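**Student:** My structure file query-v7.cif, mmCIF, C-alpha atoms, is below:
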data_protein
loop_
_atom_site.label_atom_id
_atom_site.label_comp_id
_atom_site.auth_asym_id
_atom_site.auth_seq_id
_atom_site.Cartn_x
_atom_site.Cartn_y
_atom_site.Cartn_z
CA MET E 1 24.55 31.45 6.81
CA THR E 2 23.88 28.43 4.60
CA VAL E 3 20.82 28.69 2.42
CA VAL E 4 19.20 25.30 1.92
CA ARG E 5 17.67 25.05 -1.53
CA PRO E 6 14.34 23.27 -1.69
CA ILE E 7 14.15 20.04 -3.68
CA LEU E 8 12.06 20.56 -6.80
CA VAL E 9 9.53 17.79 -7.32
CA PHE E 10 7.09 17.35 -10.18
CA VAL E 11 4.02 15.42 -9.08
CA ASP E 12 2.01 13.19 -11.41
CA SER E 13 -1.75 13.66 -11.29
CA ASP E 14 -2.44 10.18 -9.90
CA VAL E 15 -0.58 11.18 -6.73
CA ILE E 16 -2.59 14.37 -6.32
CA ILE E 17 -5.90 12.58 -6.83
CA SER E 18 -4.81 9.92 -4.33
CA SER E 19 -4.13 12.64 -1.78
CA LEU E 20 -7.70 13.89 -2.22
CA ILE E 21 -9.17 10.44 -1.70
CA SER E 22 -7.31 9.34 1.44
CA LYS E 23 -5.77 11.34 4.25
CA SER E 24 -3.80 8.36 5.52
CA GLY E 25 -2.04 7.49 2.28
CA ALA E 26 1.52 8.31 1.22
CA ALA E 27 0.27 10.82 -1.37
CA TYR E 28 -1.45 12.90 1.33
CA THR E 29 1.69 12.82 3.48
CA LEU E 30 3.77 13.98 0.51
CA LEU E 31 1.48 16.91 -0.19
CA HIS E 32 0.74 18.02 3.35
CA ASN E 33 3.44 16.85 5.74
CA THR E 34 6.74 17.51 4.06
CA LYS E 35 9.21 20.33 4.31
CA GLN E 36 12.26 21.34 2.26
CA ILE E 37 10.55 20.50 -1.02
CA GLU E 38 8.63 22.43 -3.67
CA LEU E 39 5.89 20.54 -5.47
CA TYR E 40 4.98 21.33 -9.07
CA VAL E 41 2.28 20.54 -11.59
CA SER E 42 1.74 21.94 -15.10
CA ASN E 43 -1.10 23.64 -16.95
CA PHE E 44 -1.86 20.25 -18.54
CA SER E 45 -1.94 18.61 -15.13
CA ILE E 46 -4.47 21.13 -13.82
CA LEU E 47 -6.73 20.53 -16.80
CA GLU E 48 -6.76 16.79 -16.28
CA LEU E 49 -6.99 17.05 -12.50
CA GLU E 50 -10.19 19.06 -12.79
CA GLN E 51 -11.74 16.54 -15.15
CA VAL E 52 -10.67 13.45 -13.22
CA SER E 53 -11.90 14.98 -9.96
CA LYS E 54 -15.34 15.49 -11.50
CA ARG E 55 -15.44 11.95 -12.87
CA LEU E 56 -14.52 10.52 -9.45
CA GLY E 57 -16.97 12.72 -7.55
CA ILE E 58 -14.24 14.64 -5.73
CA GLU E 59 -15.23 18.18 -4.78
CA VAL E 60 -13.43 20.53 -7.16
CA GLU E 61 -13.12 23.00 -4.28
CA LEU E 62 -10.88 20.52 -2.45
CA LEU E 63 -8.68 20.24 -5.52
CA ASN E 64 -8.54 24.02 -5.87
CA ILE E 65 -7.41 24.39 -2.27
CA VAL E 66 -4.60 21.89 -2.79
CA ILE E 67 -3.52 23.61 -6.00
CA ALA E 68 -3.60 27.03 -4.36
CA THR E 69 -1.88 26.11 -1.12
CA ARG E 70 0.41 23.17 -1.80
CA LEU E 71 1.36 23.21 -5.45
CA ASN E 72 3.28 25.46 -7.79
CA SER E 73 2.18 25.57 -11.40
CA VAL E 74 4.44 25.70 -14.42
CA LYS E 75 3.31 26.45 -17.95
CA VAL E 76 4.32 24.05 -20.69
CA ASP E 77 4.25 26.41 -23.63
CA SER E 78 3.52 23.89 -26.32
CA SER E 79 0.57 22.01 -27.75
CA TYR E 80 -0.38 18.64 -26.29
CA ALA E 81 0.33 16.95 -29.63
CA LYS E 82 3.76 18.55 -29.90
CA VAL E 83 4.61 17.52 -26.34
CA GLN E 84 3.62 13.95 -27.16
CA ARG E 85 6.02 13.91 -30.11
CA GLU E 86 8.87 15.66 -28.32
CA PHE E 87 8.85 13.44 -25.24
CA ALA E 88 7.84 10.15 -26.86
CA ASP E 89 11.15 8.49 -25.96
CA TYR E 90 10.62 9.05 -22.25
CA VAL E 91 7.24 7.36 -21.86
CA ARG E 92 5.70 4.01 -22.67
CA ASP E 93 2.30 5.66 -23.11
CA PRO E 94 2.38 8.88 -25.19
CA HIS E 95 -0.47 10.30 -23.10
CA ASP E 96 1.95 10.62 -20.17
CA ALA E 97 4.41 12.77 -22.14
CA HIS E 98 3.12 16.05 -20.70
CA ILE E 99 4.22 14.93 -17.23
CA VAL E 100 7.81 14.65 -18.41
CA ALA E 101 7.48 17.99 -20.23
CA GLY E 102 6.34 19.63 -16.98
CA ALA E 103 9.16 18.08 -14.97
CA LYS E 104 11.71 19.23 -17.55
CA GLU E 105 10.29 22.76 -17.57
CA VAL E 106 10.67 22.95 -13.78
CA LYS E 107 14.13 21.35 -13.94
CA ALA E 108 12.80 19.06 -11.24
CA ALA E 109 15.12 16.66 -9.47
CA PHE E 110 12.32 14.16 -8.85
CA LEU E 111 9.23 12.98 -10.63
CA VAL E 112 6.81 11.34 -8.19
CA SER E 113 4.21 9.04 -9.69
CA TYR E 114 2.28 5.88 -8.96
CA ASN E 115 2.50 5.06 -12.62
CA ILE E 116 6.22 4.36 -12.84
CA ARG E 117 5.82 1.59 -15.41
CA HIS E 118 4.65 4.19 -17.94
CA PHE E 119 7.96 6.05 -17.92
CA VAL E 120 11.51 5.19 -19.02
CA PRO E 121 13.46 5.92 -15.83
CA GLU E 122 16.95 5.39 -17.24
CA LYS E 123 16.39 7.92 -20.00
CA LEU E 124 14.84 10.44 -17.61
CA ARG E 125 17.89 10.18 -15.39
CA GLU E 126 20.36 10.30 -18.26
CA ASP E 127 18.88 13.24 -20.18
CA PHE E 128 17.23 15.34 -17.47
CA GLN E 129 18.87 14.13 -14.22
CA LEU E 130 15.29 13.37 -13.20
CA ILE E 131 14.70 10.56 -10.72
CA LEU E 132 11.39 8.71 -10.87
CA LEU E 133 9.98 7.47 -7.54
CA THR E 134 6.68 6.50 -5.97
CA PRO E 135 5.45 8.73 -3.10
CA GLY E 136 6.55 6.17 -0.50
CA LEU E 137 10.05 5.85 -1.91
CA PHE E 138 10.41 9.61 -2.17
CA LEU E 139 9.30 10.03 1.46
CA GLN E 140 11.81 7.33 2.41
CA TYR E 141 14.51 9.30 0.59
CA LEU E 142 13.55 12.45 2.52
CA ARG E 143 13.93 10.53 5.79
CA SER E 144 17.45 9.57 4.82
CA LEU E 145 18.59 13.19 4.43
CA MET N 1 6.22 8.94 30.56
CA PHE N 2 5.92 6.59 27.59
CA ASN N 3 2.59 7.93 26.37
CA ASN N 4 4.12 9.33 23.20
CA ILE N 5 5.94 6.16 22.17
CA ILE N 6 4.21 4.39 19.31
CA PRO N 7 4.16 0.67 20.09
CA GLU N 8 5.79 -1.49 17.44
CA THR N 9 5.95 -5.24 17.16
CA ILE N 10 9.43 -6.58 17.83
CA TYR N 11 10.90 -9.99 17.21
CA THR N 12 13.76 -12.07 18.50
CA PRO N 13 16.34 -13.22 15.93
CA GLU N 14 14.96 -16.74 16.41
CA GLN N 15 11.45 -15.60 15.49
CA VAL N 16 12.82 -13.79 12.44
CA ALA N 17 14.68 -16.96 11.42
CA THR N 18 11.46 -18.96 11.62
CA MET N 19 9.45 -16.36 9.71
CA LEU N 20 11.99 -16.04 6.91
CA GLN N 21 12.87 -19.75 6.90
CA LEU N 22 16.51 -18.96 7.56
CA SER N 23 18.94 -20.37 10.09
CA LYS N 24 19.59 -18.38 13.25
CA ASN N 25 23.20 -17.92 12.15
CA THR N 26 22.09 -16.36 8.87
CA VAL N 27 19.89 -13.91 10.75
CA TYR N 28 22.79 -12.98 13.04
CA ASP N 29 24.99 -12.56 9.95
CA LEU N 30 22.40 -10.23 8.40
CA ILE N 31 22.33 -8.20 11.61
CA GLY N 32 26.13 -8.13 11.73
CA ARG N 33 26.35 -6.86 8.15
CA GLY N 34 23.71 -4.21 8.81
CA GLU N 35 21.30 -5.68 6.25
CA LEU N 36 18.78 -6.28 9.01
CA VAL N 37 18.54 -3.48 11.54
CA ALA N 38 18.31 -4.70 15.12
CA LYS N 39 18.75 -3.15 18.52
CA ARG N 40 21.19 -4.77 20.90
CA PHE N 41 20.24 -4.99 24.59
CA GLY N 42 23.24 -6.35 26.45
CA ARG N 43 23.83 -9.74 24.84
CA VAL N 44 20.54 -10.08 22.99
CA TYR N 45 19.06 -8.49 19.87
CA ARG N 46 15.55 -7.41 19.11
CA VAL N 47 14.32 -6.76 15.58
CA PRO N 48 11.55 -4.20 15.00
CA ALA N 49 8.90 -5.11 12.43
CA SER N 50 9.87 -1.98 10.50
CA SER N 51 13.32 -3.49 9.85
CA LEU N 52 11.72 -6.50 8.19
CA SER N 53 9.45 -4.27 6.15
CA PHE N 54 12.40 -2.19 4.99
CA MET N 55 14.40 -5.28 4.08
CA PHE N 56 11.69 -6.52 1.75
CA THR N 57 10.13 -3.33 0.37
CA GLY N 58 12.77 -0.62 0.74
CA LEU N 59 10.19 1.27 2.79
CA ASP N 60 9.65 1.78 6.50
CA ALA N 61 6.52 -0.03 7.66
CA ASP N 62 4.43 3.13 7.97
CA LEU N 63 5.33 4.28 4.46
CA TYR N 64 4.67 0.82 3.04
CA ASN N 65 1.24 0.79 4.69
CA ALA N 66 0.52 4.33 3.48
CA GLU N 67 1.28 3.29 -0.11
CA GLN N 68 -0.98 0.27 0.24
CA ILE N 69 -3.83 2.60 1.29
CA ASP N 70 -3.33 4.70 -1.85
CA LYS N 71 -3.13 1.60 -4.03
CA GLU N 72 -6.69 0.67 -3.10
CA SER N 73 -7.96 3.50 -5.33
CA LEU N 74 -5.27 3.52 -7.99
CA ASP N 75 -6.96 1.27 -10.54
CA GLN N 76 -9.93 3.60 -10.69
CA ILE N 77 -7.76 6.72 -10.73
CA HIS N 78 -5.63 5.40 -13.58
CA LYS N 79 -8.70 4.36 -15.54
CA GLU N 80 -10.16 7.88 -15.32
CA LEU N 81 -6.81 9.57 -15.94
CA SER N 82 -6.27 7.46 -19.00
CA ALA N 83 -9.70 8.36 -20.36
CA VAL N 84 -9.15 12.08 -19.72
CA ARG N 85 -5.66 12.07 -21.24
CA THR N 86 -6.92 10.65 -24.50
CA GLU N 87 -9.28 13.65 -24.74
CA LEU N 88 -6.77 16.39 -23.89
#
Reformat the file's structure so that it appears as structure tokens.
**Tutor:**
Amino acid sequence: MTVVRPILVFVDSDVIISSLISKSGAAYTLLHNTKQIELYVSNFSILELEQVSKRLGIEVELLNIVIATRLNSVKVDSSYAKVQREFADYVRDPHDAHIVAGAKEVKAAFLVSYNIRHFVPEKLREDFQLILLTPGLFLQYLRSL
Amino acid sequence: MFNNIIPETIYTPEQVATMLQLSKNTVYDLIGRGELVAKRFGRVYRVPASSLSFMFTGLDADLYNAEQIDKESLDQIHKELSAVRTEL
């Protein structure tokens, strides 16, 4: 019997917040209507997700349900400042470095973000074999399998 | 019988040529090379709107539309994320 390994995907926080705002967007489809993948966030992601949800008036309970039922969490065992220094070459904005750190920790095959201009895709692919895609492009890839 | 079929706009190669400001021959060449996906019915072709969407965006029409829905809120999301990330 062939065991199909799930595809490991690290999800940027903008995608998760998008999924909480609209049920007809690509982010919602990614989080709720996909199989054969495992979605990950990090301890840093959860911190910022809680704060952004509050700022945008999104019920924190909704976020907690998504985290508990749809997402796996990985711990980046380093300070935020250290992560910013260590992953500076992979991002155009140092404040996005923790996303790359989380994806590396998971050994994710894909990083899904709506903020693709803030990353350096060639370097992510070269050093971590990590492919950066928007939710729509990742869903398109899944359809091609 | 067809209740579960989602209706989709379809075009003739001539309509596609007009829309894209191409000659009919170019459209038939694109179909022949597989760059534009079309369904052949006997001697004629029909092009689904999703094929055109894919040609231009790399996304099927439904996925393209779904991304556009998300993009309506992205400016605000990125603004808040940016503010929170500077405080982490």
**Student:** Any chance you could work out the residue set of the PyMOL selection byres ((chain E) within 6 of (chain N)) here, as a PyMOL selection string?
**Tutor:** chain E and resi 18+25-26+52+95+136
**Student:** Kindly indicate which residue among N:Asp75, N:Gly42, N:Val27, N:Phe56 lies nearest to Tyr11 of chain N, using all atoms listed in the file for the distances.
**Tutor:** N:Val27
**Student:** Quick one: residues within 9 Å of Tyr40 of chain E, only C-alpha atoms, excluding same-chain residues fewer than 3 positions away - as an mmCIF file with C-alpha atoms, keeping the file's coordinate frame?
**Tutor:**
data_model
loop_
_atom_site.group_PDB
_atom_site.id
_atom_site.type_symbol
_atom_site.label_atom_id
_atom_site.label_comp_id
_atom_site.auth_asym_id
_atom_site.auth_seq_id
_atom_site.Cartn_x
_atom_site.Cartn_y
_atom_site.Cartn_z
ATOM 1 C CA LEU E 8 12.060 20.560 -6.800
ATOM 2 C CA VAL E 9 9.530 17.790 -7.320
ATOM 3 C CA PHE E 10 7.090 17.350 -10.180
ATOM 4 C CA VAL E 11 4.020 15.420 -9.080
ATOM 5 C CA ASP E 12 2.010 13.190 -11.410
ATOM 6 C CA ARG E 70 0.410 23.170 -1.800
ATOM 7 C CA LEU E 71 1.360 23.210 -5.450
ATOM 8 C CA ASN E 72 3.280 25.460 -7.790
ATOM 9 C CA SER E 73 2.180 25.570 -11.400
ATOM 10 C CA VAL E 74 4.440 25.700 -14.420
ATOM 11 C CA GLY E 102 6.340 19.630 -16.980
ATOM 12 C CA ALA E 103 9.160 18.080 -14.970
ATOM 13 C CA VAL E 106 10.670 22.950 -13.780
ATOM 14 C CA ALA E 108 12.800 19.060 -11.240
#
**Student:** Report the distance between atom CA of Ser23 of chain N and atom CA of Leu36 of chain N in Å, rounded to one decimal place.
**Tutor:**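 Rounded to one decimal, the two atoms are 14.1 Å apart.
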**Student:** For Leu137 of chain E, which residue out of N:Glu35, N:Ala61, N:Ile10, N:Leu30 is the nearest one, using only C-alpha atoms?
**Tutor:** N:Ala61
**Student:** Please evaluate the PyMOL selection byres ((chain E and resi 142-145) around 10) against the structure above and give the resulting residues as a list in words.
**Tutor:**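 That expression, the PyMOL selection byres ((chain E and resi 142-145) around 10), corresponds here to Ile7, Thr34, Lys35, Gln36, Ile37, Gly136, Leu137, Phe138, Leu139, Gln140 and Tyr141 of chain E; Asp60 of chain N.
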**Student:** Please list as a PyMOL selection string every residue within 10 Å of Pro13 of chain N, counting only C-alpha atoms and excluding residues in the same chain fewer than 3 positions away.
**Tutor:** chain N and resi 10+16-19+23-28+31+38+44-47
**Student:** Phe119 of chain E: which residues within 6 Å, counting all atoms listed in the file, same-chain residues fewer than 3 positions away excluded, as a list in words?
**Tutor:**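 In the requested form, the answer reads Tyr90, Val91, Arg92 and Ile116 of chain E.
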**Student:** Could you work out how far atom CA of Gly34 of chain N lies from atom CA of Pro48 of chain N, giving the answer in Å with one decimal?
**Tutor:**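 Result for atom CA of Pro48 of chain N versus atom CA of Gly34 of chain N: 13.6 Å, one decimal.
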**Student:** Can you spell out as a VMD selection string the set of residues that the PyMOL selection byres ((chain E and resi 49) around 9) selects in the structure I just provided?
**Tutor:** (chain E and resid 13 to 14 16 to 17 44 to 48 50 to 54 63) or (chain N and resid 81)
**Student:** I need the residue nearest Glu105 of chain E from this list: E:Asn64, E:Gln129, E:Ser79, E:Ser42. Use all atoms listed in the file for the distance.
**Tutor:**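 The shortest atom-to-atom distance to Glu105 of chain E comes from E:Ser42.
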